[in-house]
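Everything on this sheet refers to the single structure shown next.
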Amino acid sequence: MNNKLKMYSFVVMPIMISSVIVSPNVVQKNAYGNILSDSTTSGAILQNIDIDNNILPEIDLSIPRKYPITIMFEQKIEEAEKQKKIRKAQEKEERLKLMERERIKNVKFNSYNLLDVSGITYEEMYEVLSHSHYSNFLDFYSAFVDAEQKYGVNAFGLVAIAGLESGWNTSARANNGNNNITGMDVKHDGSVGTIYNSKYDCIMDLARQLKTYYLTEGAAYYNGYSTSQVNIKYSASPIWYKQVDELGDEVMAVYRELYQTNTY
């Protein structure tokens with residue numbers, strides 16, 4: 001048997017592979033300079049080489065590489081969070097507005113219970129007293145709100161009593177240095193009554209004495225919570241409470257016109 005020798009020819013085609021070794025790690029890239037795989041560690045700098053062996057700008061491998069779809073997804077999440085915060089802020093603002101409208105709606109003068117507080121604010125009291133003859137009380141407007149908050153006596157009731165007893169801050173007792181605008185301890189027209197350092201102090205003392213002696217069950221002058229029941233021990237005039245009620249309603253009407261008319 002004759003063995004024939006077969007001749008095979010091989011053609012070796014050159015394969016272009018571009019790779020860069022960043023010791024001690026290896027980066028493999030294709031012929032277009034794109035990274036196929038790498039085992040580099042954080043903080044390494046990769047020298048990027050294209051198919052023609054041109055050196056391109058270095059790649060900082062310490063900076064995480066993100067695909068466009070990843071960036072887009074993160075942007076959408078960020079925008080969603082931003083909108084969520086905006087909605088929460090808007091909802092909070094709306095709740096506060098509703099609470100404020102409800103507070104304004106409930107501001108009141110209740111002559112049947114002087115311990116039923118008005119809920120008026122300092123700003124509102126100033127605006128109310130800015131009208132007509134009430135402006136004589138502007139210098140100590142905050143006393144009525146402070147007194148209500150400290151002793152729980154209705155601020156409109158305090159304004160009404162002070163307005164009646166001092167002729168809206170025009171009486172001699174109010175302006176002769178005694179600062180008594182509430183008639184406290186005044187027994188007759190010529191009586192001096194209690195002397196105060198300021199009209200603010202007088203208002204605060206009015207609220208204190210009303211709460212302590214007139215509006216607390218078992219107290220010396222307690223007969224009930226209404227102006228008519230306070231009248232029994234507070235004033236010798238049998239119509240005192242009617243005058244207080246009228247003035248209280250009058251001042252309350254100014255508040256209603258300023259704040260409540262368009263609120264609900």
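Residues are referred to by chain and number: the chain letter is A, B, ... according to the order shown in the structure tokens, the number counts from 1 in that chain, and ligands are numbered separately from 1 in the order shown.
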
Residues of range 95-248 of chain A in helix (DSSP H, G or I), written as a PDB file with C-alpha atoms, in the first residue's frame:
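Result written to part_1.pdb:
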ATOM      1  CA  ARG A  95     -53.898  71.865  55.818  1.00  0.00           C
ATOM      2  CA  LEU A  96     -52.540  74.957  57.555  1.00  0.00           C
ATOM      3  CA  LYS A  97     -54.862  77.160  55.509  1.00  0.00           C
ATOM      4  CA  LEU A  98     -57.831  74.989  56.431  1.00  0.00           C
ATOM      5  CA  MET A  99     -56.868  75.105  60.108  1.00  0.00           C
ATOM      6  CA  GLU A 100     -56.505  78.890  59.956  1.00  0.00           C
ATOM      7  CA  ARG A 101     -59.909  79.294  58.268  1.00  0.00           C
ATOM      8  CA  GLU A 102     -61.430  77.095  60.956  1.00  0.00           C
ATOM      9  CA  ARG A 103     -59.778  79.153  63.710  1.00  0.00           C
ATOM     10  CA  ILE A 104     -61.060  82.426  62.237  1.00  0.00           C
ATOM     11  CA  LYS A 105     -64.516  80.920  61.873  1.00  0.00           C
ATOM     12  CA  ASN A 106     -64.568  80.035  65.588  1.00  0.00           C
ATOM     13  CA  TYR A 122     -52.305  89.862  68.217  1.00  0.00           C
ATOM     14  CA  GLU A 123     -52.420  91.036  64.615  1.00  0.00           C
ATOM     15  CA  GLU A 124     -56.192  90.680  64.476  1.00  0.00           C
ATOM     16  CA  MET A 125     -56.692  92.507  67.776  1.00  0.00           C
ATOM     17  CA  TYR A 126     -54.568  95.397  66.510  1.00  0.00           C
ATOM     18  CA  GLU A 127     -56.630  95.613  63.318  1.00  0.00           C
ATOM     19  CA  VAL A 128     -59.923  95.492  65.213  1.00  0.00           C
ATOM     20  CA  LEU A 129     -58.863  98.215  67.664  1.00  0.00           C
ATOM     21  CA  SER A 132     -63.016 104.312  65.388  1.00  0.00           C
ATOM     22  CA  HIS A 133     -62.761 105.095  69.109  1.00  0.00           C
ATOM     23  CA  TYR A 134     -61.282 101.663  69.787  1.00  0.00           C
ATOM     24  CA  SER A 135     -57.957 103.098  68.618  1.00  0.00           C
ATOM     25  CA  ASN A 136     -57.544 104.629  72.090  1.00  0.00           C
ATOM     26  CA  PHE A 137     -56.574 101.124  73.166  1.00  0.00           C
ATOM     27  CA  LEU A 138     -53.880 100.555  70.547  1.00  0.00           C
ATOM     28  CA  ASP A 139     -51.012 101.404  72.889  1.00  0.00           C
ATOM     29  CA  PHE A 140     -51.774  98.332  74.982  1.00  0.00           C
ATOM     30  CA  TYR A 141     -53.663  96.134  72.501  1.00  0.00           C
ATOM     31  CA  SER A 142     -51.426  93.137  73.258  1.00  0.00           C
ATOM     32  CA  ALA A 143     -52.601  93.103  76.893  1.00  0.00           C
ATOM     33  CA  PHE A 144     -56.031  91.780  75.881  1.00  0.00           C
ATOM     34  CA  VAL A 145     -54.520  88.834  74.002  1.00  0.00           C
ATOM     35  CA  ASP A 146     -51.895  88.174  76.678  1.00  0.00           C
ATOM     36  CA  ALA A 147     -54.584  88.237  79.380  1.00  0.00           C
ATOM     37  CA  GLU A 148     -56.788  85.803  77.474  1.00  0.00           C
ATOM     38  CA  GLN A 149     -53.898  83.406  76.886  1.00  0.00           C
ATOM     39  CA  LYS A 150     -52.690  83.576  80.499  1.00  0.00           C
ATOM     40  CA  TYR A 151     -55.983  83.570  82.425  1.00  0.00           C
ATOM     41  CA  ALA A 155     -60.437  89.061  75.098  1.00  0.00           C
ATOM     42  CA  PHE A 156     -63.550  90.765  73.684  1.00  0.00           C
ATOM     43  CA  GLY A 157     -65.095  90.704  77.132  1.00  0.00           C
ATOM     44  CA  LEU A 158     -61.990  92.393  78.551  1.00  0.00           C
ATOM     45  CA  VAL A 159     -62.072  95.049  75.807  1.00  0.00           C
ATOM     46  CA  ALA A 160     -65.756  95.685  76.500  1.00  0.00           C
ATOM     47  CA  ILE A 161     -65.285  96.039  80.272  1.00  0.00           C
ATOM     48  CA  ALA A 162     -62.303  98.369  79.848  1.00  0.00           C
ATOM     49  CA  GLY A 163     -64.161 100.384  77.217  1.00  0.00           C
ATOM     50  CA  LEU A 164     -67.200 100.800  79.444  1.00  0.00           C
ATOM     51  CA  GLU A 165     -65.285 101.579  82.639  1.00  0.00           C
ATOM     52  CA  SER A 166     -62.908 104.128  81.075  1.00  0.00           C
ATOM     53  CA  ALA A 172     -59.815 110.784  84.649  1.00  0.00           C
ATOM     54  CA  ARG A 173     -58.856 107.570  86.460  1.00  0.00           C
ATOM     55  CA  ALA A 174     -57.368 106.255  83.235  1.00  0.00           C
ATOM     56  CA  ASN A 175     -55.320 109.360  82.519  1.00  0.00           C
ATOM     57  CA  LYS A 199     -52.662 100.246  81.521  1.00  0.00           C
ATOM     58  CA  TYR A 200     -51.205  96.972  80.360  1.00  0.00           C
ATOM     59  CA  ASP A 201     -50.846  95.944  84.013  1.00  0.00           C
ATOM     60  CA  CYS A 202     -54.417  97.050  84.668  1.00  0.00           C
ATOM     61  CA  ILE A 203     -55.778  94.780  81.908  1.00  0.00           C
ATOM     62  CA  MET A 204     -53.736  91.835  83.131  1.00  0.00           C
ATOM     63  CA  ASP A 205     -54.984  92.387  86.682  1.00  0.00           C
ATOM     64  CA  LEU A 206     -58.583  92.577  85.473  1.00  0.00           C
ATOM     65  CA  ALA A 207     -58.269  89.160  83.861  1.00  0.00           C
ATOM     66  CA  ARG A 208     -56.531  87.750  86.938  1.00  0.00           C
ATOM     67  CA  GLN A 209     -59.179  88.994  89.341  1.00  0.00           C
ATOM     68  CA  LEU A 210     -62.067  87.920  87.126  1.00  0.00           C
ATOM     69  CA  LYS A 211     -60.638  84.420  86.849  1.00  0.00           C
ATOM     70  CA  THR A 212     -59.634  84.132  90.518  1.00  0.00           C
ATOM     71  CA  TYR A 213     -62.609  85.735  92.288  1.00  0.00           C
ATOM     72  CA  TYR A 214     -65.527  85.841  89.836  1.00  0.00           C
ATOM     73  CA  THR A 227     -71.571  88.810  82.313  1.00  0.00           C
ATOM     74  CA  SER A 228     -74.924  89.097  84.072  1.00  0.00           C
ATOM     75  CA  GLN A 229     -73.707  86.798  86.860  1.00  0.00           C
ATOM     76  CA  VAL A 230     -70.406  88.673  87.164  1.00  0.00           C
ATOM     77  CA  ASN A 231     -72.448  91.897  87.355  1.00  0.00           C
ATOM     78  CA  ILE A 232     -73.873  90.890  90.740  1.00  0.00           C
ATOM     79  CA  LYS A 233     -70.621  91.468  92.592  1.00  0.00           C
ATOM     80  CA  TYR A 234     -68.602  93.527  90.099  1.00  0.00           C
ATOM     81  CA  TRP A 240     -73.691  96.936  83.687  1.00  0.00           C
ATOM     82  CA  TYR A 241     -73.738  93.543  81.976  1.00  0.00           C
ATOM     83  CA  LYS A 242     -76.049  94.786  79.209  1.00  0.00           C
ATOM     84  CA  GLN A 243     -73.624  97.581  78.420  1.00  0.00           C
ATOM     85  CA  VAL A 244     -70.696  95.165  78.444  1.00  0.00           C
ATOM     86  CA  ASP A 245     -72.588  92.765  76.178  1.00  0.00           C
ATOM     87  CA  GLU A 246     -73.428  95.570  73.752  1.00  0.00           C
ATOM     88  CA  LEU A 247     -69.821  96.728  73.526  1.00  0.00           C
ATOM     89  CA  GLY A 248     -68.532  93.176  73.238  1.00  0.00           C
TER      90      GLY A 248
END

Separation of CA of Ile181 in chain A and CA of Ser235 in chain A, in Å?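 Going from CA of Ile181 in chain A over to CA of Ser235 in chain A, I get 14.4 Å.
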
Expressed in Å to a single decimal, how great is the separation between CA of Asn113 in chain A and CA of Tyr255 in chain A?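 Pair CA of Asn113 in chain A / CA of Tyr255 in chain A returns 18.9 Å.
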
I'd like the neighbourhood of Asn154 in chain A as a PyMOL selection string, where a residue qualifies if any of its atoms comes within 7 Å (using only C-alpha atoms), though same-chain residues fewer than 4 positions away should be ignored. chain A and resi 109+114-118+148+158

So what do you get for CA of Gly119 in chain A versus CA of Tyr196 in chain A, distance-wise?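 So the answer is 26.8 Å.
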
With only C-alpha atoms as the basis for distance, which of A:Leu215, A:Leu258, A:Ser130, A:Gly183 is at the shortest distance from Gly152 in chain A?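 With only C-alpha atoms as the atom set, the closest residue is A:Leu215.
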